[in-house]
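This is upload-v8.cif (mmCIF, C-alpha atoms).
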```cif
data_model
#
loop_
_atom_site.label_atom_id
_atom_site.label_comp_id
_atom_site.auth_asym_id
_atom_site.auth_seq_id
_atom_site.Cartn_x
_atom_site.Cartn_y
_atom_site.Cartn_z
CA MET A 584 -13.80 11.19 -4.60
CA THR A 585 -10.04 11.26 -4.13
CA ASP A 586 -7.63 10.27 -1.42
CA ASP A 587 -5.32 13.12 -2.36
CA PRO A 588 -5.44 15.57 0.55
CA LEU A 589 -3.98 18.32 -1.62
CA ALA A 590 -6.66 17.95 -4.32
CA PRO A 591 -8.86 20.84 -3.12
CA LEU A 592 -5.87 23.20 -3.04
CA ARG A 593 -4.74 22.00 -6.46
CA ILE A 594 -8.20 22.68 -7.90
CA ARG A 595 -8.26 26.13 -6.32
CA PHE A 596 -4.81 26.93 -7.70
CA ARG A 597 -5.91 25.90 -11.19
CA ALA A 598 -9.08 27.98 -10.88
CA ARG A 599 -6.96 31.03 -10.12
CA ALA A 600 -4.55 30.53 -13.03
CA ALA A 601 -6.46 32.74 -15.47
CA GLU A 602 -6.57 35.55 -12.89
CA GLU A 603 -2.84 35.24 -12.28
CA ALA A 604 -2.18 35.31 -16.05
CA THR A 605 -4.21 38.51 -16.41
CA ALA A 606 -2.51 40.17 -13.45
CA LEU A 607 0.89 39.23 -14.82
CA ALA A 608 0.04 40.52 -18.32
CA GLU A 609 -1.15 43.80 -16.81
CA ALA A 610 2.00 44.12 -14.72
CA LEU A 611 4.15 43.44 -17.78
CA ALA A 612 2.24 45.95 -19.92
CA GLY A 613 2.51 48.56 -17.16
CA GLY A 614 6.19 47.95 -16.46
CA ASP A 615 5.32 47.01 -12.90
CA ALA A 616 8.47 45.11 -11.96
CA ALA A 617 7.48 44.70 -8.31
CA GLY A 618 4.15 43.23 -9.36
CA ILE A 619 5.79 40.77 -11.74
CA GLU A 620 8.27 39.74 -9.06
CA ARG A 621 5.55 39.25 -6.43
CA ILE A 622 3.38 37.09 -8.70
CA ALA A 623 6.25 35.07 -10.15
CA HIS A 624 7.78 34.48 -6.74
CA GLY A 625 4.49 33.23 -5.31
CA LEU A 626 3.98 30.92 -8.27
CA ALA A 627 7.55 29.65 -8.06
CA GLY A 628 6.86 28.38 -4.56
CA ALA A 629 3.34 27.10 -5.00
CA ALA A 630 3.01 25.68 -8.53
CA GLY A 631 5.61 22.97 -8.07
CA LEU A 632 4.06 22.05 -4.76
CA PHE A 633 0.83 21.15 -6.54
CA GLY A 634 2.58 19.32 -9.36
CA PHE A 635 2.16 22.01 -12.05
CA ALA A 636 5.70 21.64 -13.28
CA ASP A 637 5.41 23.84 -16.40
CA VAL A 638 4.07 26.80 -14.44
CA GLY A 639 6.59 26.18 -11.68
CA ALA A 640 9.58 26.08 -14.05
CA ALA A 641 8.44 29.20 -15.94
CA ALA A 642 7.86 31.04 -12.65
CA VAL A 643 11.26 30.03 -11.27
CA ALA A 644 12.94 31.33 -14.46
CA VAL A 645 11.32 34.76 -14.00
CA ASP A 646 11.96 34.78 -10.26
CA GLN A 647 15.62 33.91 -10.74
CA ASP A 648 16.05 36.96 -12.99
CA PHE A 649 14.95 39.12 -10.08
CA ALA A 650 17.11 37.17 -7.64
CA VAL A 651 20.27 37.96 -9.60
CA GLY A 652 19.25 41.50 -10.50
CA ARG A 653 18.73 40.94 -14.23
CA LEU A 654 16.40 43.18 -16.22
CA ILE A 655 12.91 41.82 -16.85
CA ASP A 656 12.93 39.34 -19.71
CA ALA A 657 9.55 39.92 -21.35
CA GLY A 658 9.83 36.61 -23.22
CA ARG A 659 10.17 34.70 -19.96
CA VAL A 660 7.21 36.51 -18.43
CA GLU A 661 5.14 35.78 -21.54
CA ARG A 662 6.10 32.11 -21.30
CA LEU A 663 4.85 32.10 -17.71
CA ILE A 664 1.60 33.74 -18.82
CA GLY A 665 1.26 31.06 -21.48
CA THR A 666 1.70 28.21 -19.00
CA LEU A 667 -0.91 29.79 -16.72
CA LYS A 668 -3.38 30.13 -19.60
CA ALA A 669 -2.74 26.53 -20.61
CA LEU A 670 -3.41 25.41 -17.06
CA ALA A 671 -6.59 27.50 -16.87
CA ASP A 672 -7.80 26.02 -20.18
CA TYR A 673 -7.03 22.46 -19.13
CA SER A 674 -10.06 20.49 -18.10
CA MET B 1408 6.32 16.75 24.25
CA PRO B 1409 4.89 18.34 21.12
CA LEU B 1410 7.11 20.53 18.97
CA ASN B 1411 5.45 23.93 18.72
CA LEU B 1412 6.22 25.43 15.33
CA MET B 1413 5.45 28.95 14.15
CA HIS B 1414 5.08 29.21 10.37
CA VAL B 1415 5.01 32.58 8.62
CA ASP B 1416 4.17 32.89 4.91
CA ASP B 1417 2.06 35.40 3.01
CA GLU B 1418 0.88 32.78 0.48
CA PRO B 1419 -2.31 31.09 1.75
CA ASP B 1420 -1.76 27.98 -0.37
CA ILE B 1421 1.71 27.50 1.07
CA ARG B 1422 0.42 27.99 4.62
CA GLU B 1423 -2.23 25.32 4.14
CA VAL B 1424 0.09 22.78 2.55
CA THR B 1425 2.82 23.44 5.11
CA ALA B 1426 0.46 22.95 8.03
CA PHE B 1427 -0.92 19.78 6.46
CA ALA B 1428 2.58 18.45 5.73
CA LEU B 1429 4.02 19.21 9.16
CA GLU B 1430 1.06 17.78 11.02
CA LEU B 1431 1.63 14.44 9.32
CA ASP B 1432 4.04 14.25 12.25
CA SER B 1433 1.56 13.97 15.09
CA ASP B 1434 4.02 15.55 17.53
CA ILE B 1435 4.24 18.82 15.63
CA VAL B 1436 1.76 21.58 16.41
CA VAL B 1437 1.67 24.34 13.79
CA ALA B 1438 0.57 27.93 14.27
CA SER B 1439 0.39 29.76 10.91
CA TYR B 1440 0.71 33.50 10.35
CA ALA B 1441 0.11 35.48 7.16
CA SER B 1442 2.69 38.21 7.80
CA GLY B 1443 5.82 38.98 9.72
CA ALA B 1444 3.98 41.69 11.64
CA GLU B 1445 1.28 39.26 12.75
CA ALA B 1446 3.90 36.76 13.93
CA LEU B 1447 5.95 39.39 15.73
CA ALA B 1448 2.86 40.62 17.55
CA GLU B 1449 2.36 37.12 18.93
CA LEU B 1450 6.01 36.84 19.92
CA GLU B 1451 5.89 40.23 21.61
CA ASP B 1452 2.84 38.98 23.53
CA GLY B 1453 4.96 36.16 24.93
CA VAL B 1454 4.35 33.27 22.54
CA ARG B 1455 7.51 31.14 22.48
CA PRO B 1456 7.58 28.54 19.71
CA ASP B 1457 10.19 25.77 19.70
CA VAL B 1458 11.07 26.58 16.09
CA VAL B 1459 10.16 29.32 13.61
CA LEU B 1460 9.72 28.60 9.90
CA LEU B 1461 9.97 31.85 7.94
CA ASP B 1462 9.25 32.62 4.31
CA VAL B 1463 12.03 34.85 3.03
CA MET B 1464 10.16 37.12 0.65
CA MET B 1465 7.08 38.72 2.15
CA PRO B 1466 5.67 42.21 1.64
CA LEU B 1467 6.35 44.95 4.22
CA LEU B 1468 8.44 42.81 6.57
CA ASP B 1469 10.44 40.00 5.02
CA GLY B 1470 11.81 36.86 6.69
CA PRO B 1471 15.25 38.32 7.49
CA GLY B 1472 13.50 41.36 8.99
CA VAL B 1473 11.40 39.13 11.24
CA LEU B 1474 14.50 37.20 12.30
CA ALA B 1475 16.35 40.39 13.22
CA ARG B 1476 13.42 41.63 15.30
CA LEU B 1477 12.74 38.35 17.09
CA ARG B 1478 16.38 38.07 18.15
CA GLY B 1479 15.78 41.15 20.27
CA LEU B 1480 12.99 39.49 22.25
CA GLU B 1481 13.70 37.81 25.56
CA GLY B 1482 13.94 34.04 25.23
CA LEU B 1483 14.28 34.12 21.45
CA GLU B 1484 17.93 35.15 21.22
CA GLN B 1485 18.90 31.60 20.22
CA ALA B 1486 15.56 30.27 19.00
CA PRO B 1487 15.95 27.98 15.99
CA VAL B 1488 14.80 29.64 12.79
CA ILE B 1489 14.50 27.97 9.40
CA PHE B 1490 13.98 29.95 6.22
CA MET B 1491 11.85 28.78 3.31
CA THR B 1492 12.60 30.16 -0.14
CA ALA B 1493 11.98 29.50 -3.80
CA ARG B 1494 15.34 31.11 -4.61
CA VAL B 1495 17.91 28.39 -4.69
CA GLN B 1496 21.24 30.00 -5.57
CA SER B 1497 23.90 28.69 -3.21
CA ASP B 1498 25.06 32.21 -2.31
CA GLU B 1499 21.50 33.08 -1.28
CA VAL B 1500 21.30 29.97 0.91
CA GLU B 1501 24.65 30.85 2.51
CA ARG B 1502 23.54 34.45 3.04
CA LEU B 1503 20.42 33.28 4.86
CA LYS B 1504 22.41 30.94 7.09
CA ARG B 1505 24.81 33.73 7.96
CA LEU B 1506 21.84 35.72 9.24
CA GLY B 1507 21.47 33.11 11.94
CA ALA B 1508 19.09 30.52 10.51
CA ILE B 1509 19.83 26.88 11.27
CA GLY B 1510 18.83 25.93 7.76
CA VAL B 1511 17.00 26.71 4.55
CA ILE B 1512 14.19 24.66 3.01
CA VAL B 1513 13.69 25.15 -0.70
CA LYS B 1514 10.21 25.60 -2.16
CA PRO B 1515 8.59 23.67 -3.66
CA PHE B 1516 9.18 21.12 -0.92
CA ASP B 1517 7.95 17.56 -0.71
CA PRO B 1518 4.95 17.60 1.67
CA MET B 1519 5.60 14.00 2.62
CA THR B 1520 9.10 14.75 3.94
CA LEU B 1521 8.81 18.32 5.23
CA ALA B 1522 8.42 17.34 8.88
CA ARG B 1523 11.48 15.09 8.59
CA GLN B 1524 13.48 17.96 7.04
CA VAL B 1525 12.58 20.23 9.94
CA ARG B 1526 13.46 17.60 12.52
CA ASP B 1527 16.77 16.84 10.76
CA LEU B 1528 17.72 20.54 10.73
CA LEU B 1529 16.88 20.81 14.43
CA ALA B 1530 18.96 17.72 15.19
CA GLU B 1531 21.93 19.04 13.17
CA ALA B 1532 21.73 22.31 15.10
CA GLY B 1533 21.51 20.46 18.39
CA ALA B 1534 18.24 22.20 19.13
#
```
structure tokens encoding of this file:
Amino acid sequence: MTDDPLAPLRIRFRARAAEEATALAEALAGGDAAGIERIAHGLAGAAGLFGFADVGAAAVAVDQDFAVGRLIDAGRVERLIGTLKALADYS
Amino acid sequence: MPLNLMHVDDEPDIREVTAFALELDSDIVVASYASGAEALAELEDGVRPDVVLLDVMMPLLDGPGVLARLRGLEGLEQAPVIFMTARVQSDEVERLKRLGAIGVIVKPFDPMTLARQVRDLLAEAGA
């Protein structure tokens, strides 16, 4: 039992992390910039809200590249994938 | 008098947390919409919220697009609109305000203070 009203959403977010990592990896491999932007932008807003600071910071870094019109930085996207995998593996 | 707030965001998690956070203020009534088109359909049907909280980046019709369209509807010409965005560059915030928003709330926000932020922006705008 928990008094945290956001706990169910936090659990759901964590349960989806592996899926998000896969989708992001596929978008990166396929050069799907719009897909990367959509996923990173969503994570940038939501991850921090649930207290997943590593995912949030990595997502913001990718999202900011799009915001200022920079080319996709594969290293940043891979870092985001790594934080999502780490979150999915955490138990 | 309750404050009727329309919230539009394509992210289901954000919609849920936003509704939860805003309704910590028992005088705020939240109606959530998953897309700009869905929200505009309600507005075109005559729904008139006291304030509209709009995600900036949404597929098909983004927040600025919704704002432009709602300004053309009777009774919403001056309706207070607040954008929510994860993009925090100051020029982006200024750009959004120039579009006619009374303010911009940055995501991730603090659920415990979101209602206060909205009320403060409304007070600053004299709305």
Closest-contact table, segment 1463-1523 of chain B side, partner segment 634-647 of chain A, 9 Å, counting only C-alpha atoms, as CSV:
```
residue,atom,partner,partner_atom,distance
B:Ala1493,CA,A:Val643,CA,7.5
B:Arg1494,CA,A:Gln647,CA,6.7
B:Val1495,CA,A:Gln647,CA,8.5
B:Gln1496,CA,A:Gln647,CA,8.6
B:Pro1515,CA,A:Gly639,CA,8.6
```
Problem - Expansion of the PyMOL selection byres ((chain B) within 8 of (chain A)) into residues, as a ChimeraX atom specification - result: /B:1418,1420-1421,1424,1492-1494,1514-1518
Practice task
For segment 1430-1436 of chain B, please output as a list in words all residues within 7 Å (counting only C-alpha atoms; exclusion window: fewer than 3 positions along the same chain).
Solution key: Pro1409, Leu1410, Asn1411, Leu1412, Ala1426, Phe1427 and Ala1522 of chain B
Restrict the selected residues to C-alpha atoms and save them as a tab-separated table (two decimals), keeping the file's coordinate frame.
```
chain	number	residue	atom	x	y	z
B	1409	PRO	CA	4.89	18.34	21.12
B	1410	LEU	CA	7.11	20.53	18.97
B	1411	ASN	CA	5.45	23.93	18.72
B	1412	LEU	CA	6.22	25.43	15.33
B	1426	ALA	CA	0.46	22.95	8.03
B	1427	PHE	CA	-0.92	19.78	6.46
B	1522	ALA	CA	8.42	17.34	8.88
```
Exercise for the section: Could you tell me how far atom CA of Ala657 of chain A lies from atom CA of Ala612 of chain A, in Å and to one decimal? Expected result: 9.6 Å
Exercise for the section: Quick one: pull the distance between atom CA of Leu1477 of chain B and atom CA of Arg1502 of chain B, Å, one decimal. Expected result: 18.1 Å
Problem - Selection dump of the PyMOL selection byres ((chain A and resi 670) around 10), as a ChimeraX atom specification - result: /A:596-601,635,637-638,664-669,671-674
How would the residues just chosen look if you wrote them out with C-alpha atoms as a short mmCIF file (atom, residue, chain, number, x, y, z; two decimals), in the coordinates of the input?
```cif
data_model
loop_
_atom_site.label_atom_id
_atom_site.label_comp_id
_atom_site.auth_asym_id
_atom_site.auth_seq_id
_atom_site.Cartn_x
_atom_site.Cartn_y
_atom_site.Cartn_z
CA PHE A 596 -4.81 26.93 -7.70
CA ARG A 597 -5.91 25.90 -11.19
CA ALA A 598 -9.08 27.98 -10.88
CA ARG A 599 -6.96 31.03 -10.12
CA ALA A 600 -4.55 30.53 -13.03
CA ALA A 601 -6.46 32.74 -15.47
CA PHE A 635 2.16 22.01 -12.05
CA ASP A 637 5.41 23.84 -16.40
CA VAL A 638 4.07 26.80 -14.44
CA ILE A 664 1.60 33.74 -18.82
CA GLY A 665 1.26 31.06 -21.48
CA THR A 666 1.70 28.21 -19.00
CA LEU A 667 -0.91 29.79 -16.72
CA LYS A 668 -3.38 30.13 -19.60
CA ALA A 669 -2.74 26.53 -20.61
CA ALA A 671 -6.59 27.50 -16.87
CA ASP A 672 -7.80 26.02 -20.18
CA TYR A 673 -7.03 22.46 -19.13
CA SER A 674 -10.06 20.49 -18.10
#
```
Practice task
Taking (8.3, 42.8, -7.5) in the file's own coordinates, collect the residues within 12 Å, counting only C-alpha atoms, and hand them back as a ChimeraX atom specification.
Solution key: /A:607,610-611,614-625,645-650,652,654-655 /B:1464-1466
Excluding Val1454 of chain B and its own-chain neighbours fewer than 5 positions away, which residues fall within 12 Å of it when counting only C-alpha atoms? Please give them as a tab-separated table (two decimals) with C-alpha atoms, keeping the file's coordinate frame.
```
chain	number	residue	atom	x	y	z
B	1411	ASN	CA	5.45	23.93	18.72
B	1412	LEU	CA	6.22	25.43	15.33
B	1413	MET	CA	5.45	28.95	14.15
B	1438	ALA	CA	0.57	27.93	14.27
B	1445	GLU	CA	1.28	39.26	12.75
B	1446	ALA	CA	3.90	36.76	13.93
B	1447	LEU	CA	5.95	39.39	15.73
B	1448	ALA	CA	2.86	40.62	17.55
B	1449	GLU	CA	2.36	37.12	18.93
B	1459	VAL	CA	10.16	29.32	13.61
B	1477	LEU	CA	12.74	38.35	17.09
B	1480	LEU	CA	12.99	39.49	22.25
B	1481	GLU	CA	13.70	37.81	25.56
B	1482	GLY	CA	13.94	34.04	25.23
B	1483	LEU	CA	14.28	34.12	21.45
```
Exercise for the section: Would you work out the distance separating atom CA of Gly1472 of chain B from atom CA of Pro1456 of chain B, expressed in Å to one decimal? Expected result: 17.7 Å
Handout entry: Residue nearest Pro591 of chain A among B:Val1437, B:His1414, B:Met1408, B:Glu1423 (counting only C-alpha atoms)
Key =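 Distance minimum relative to Pro591 of chain A lands on B:Glu1423.
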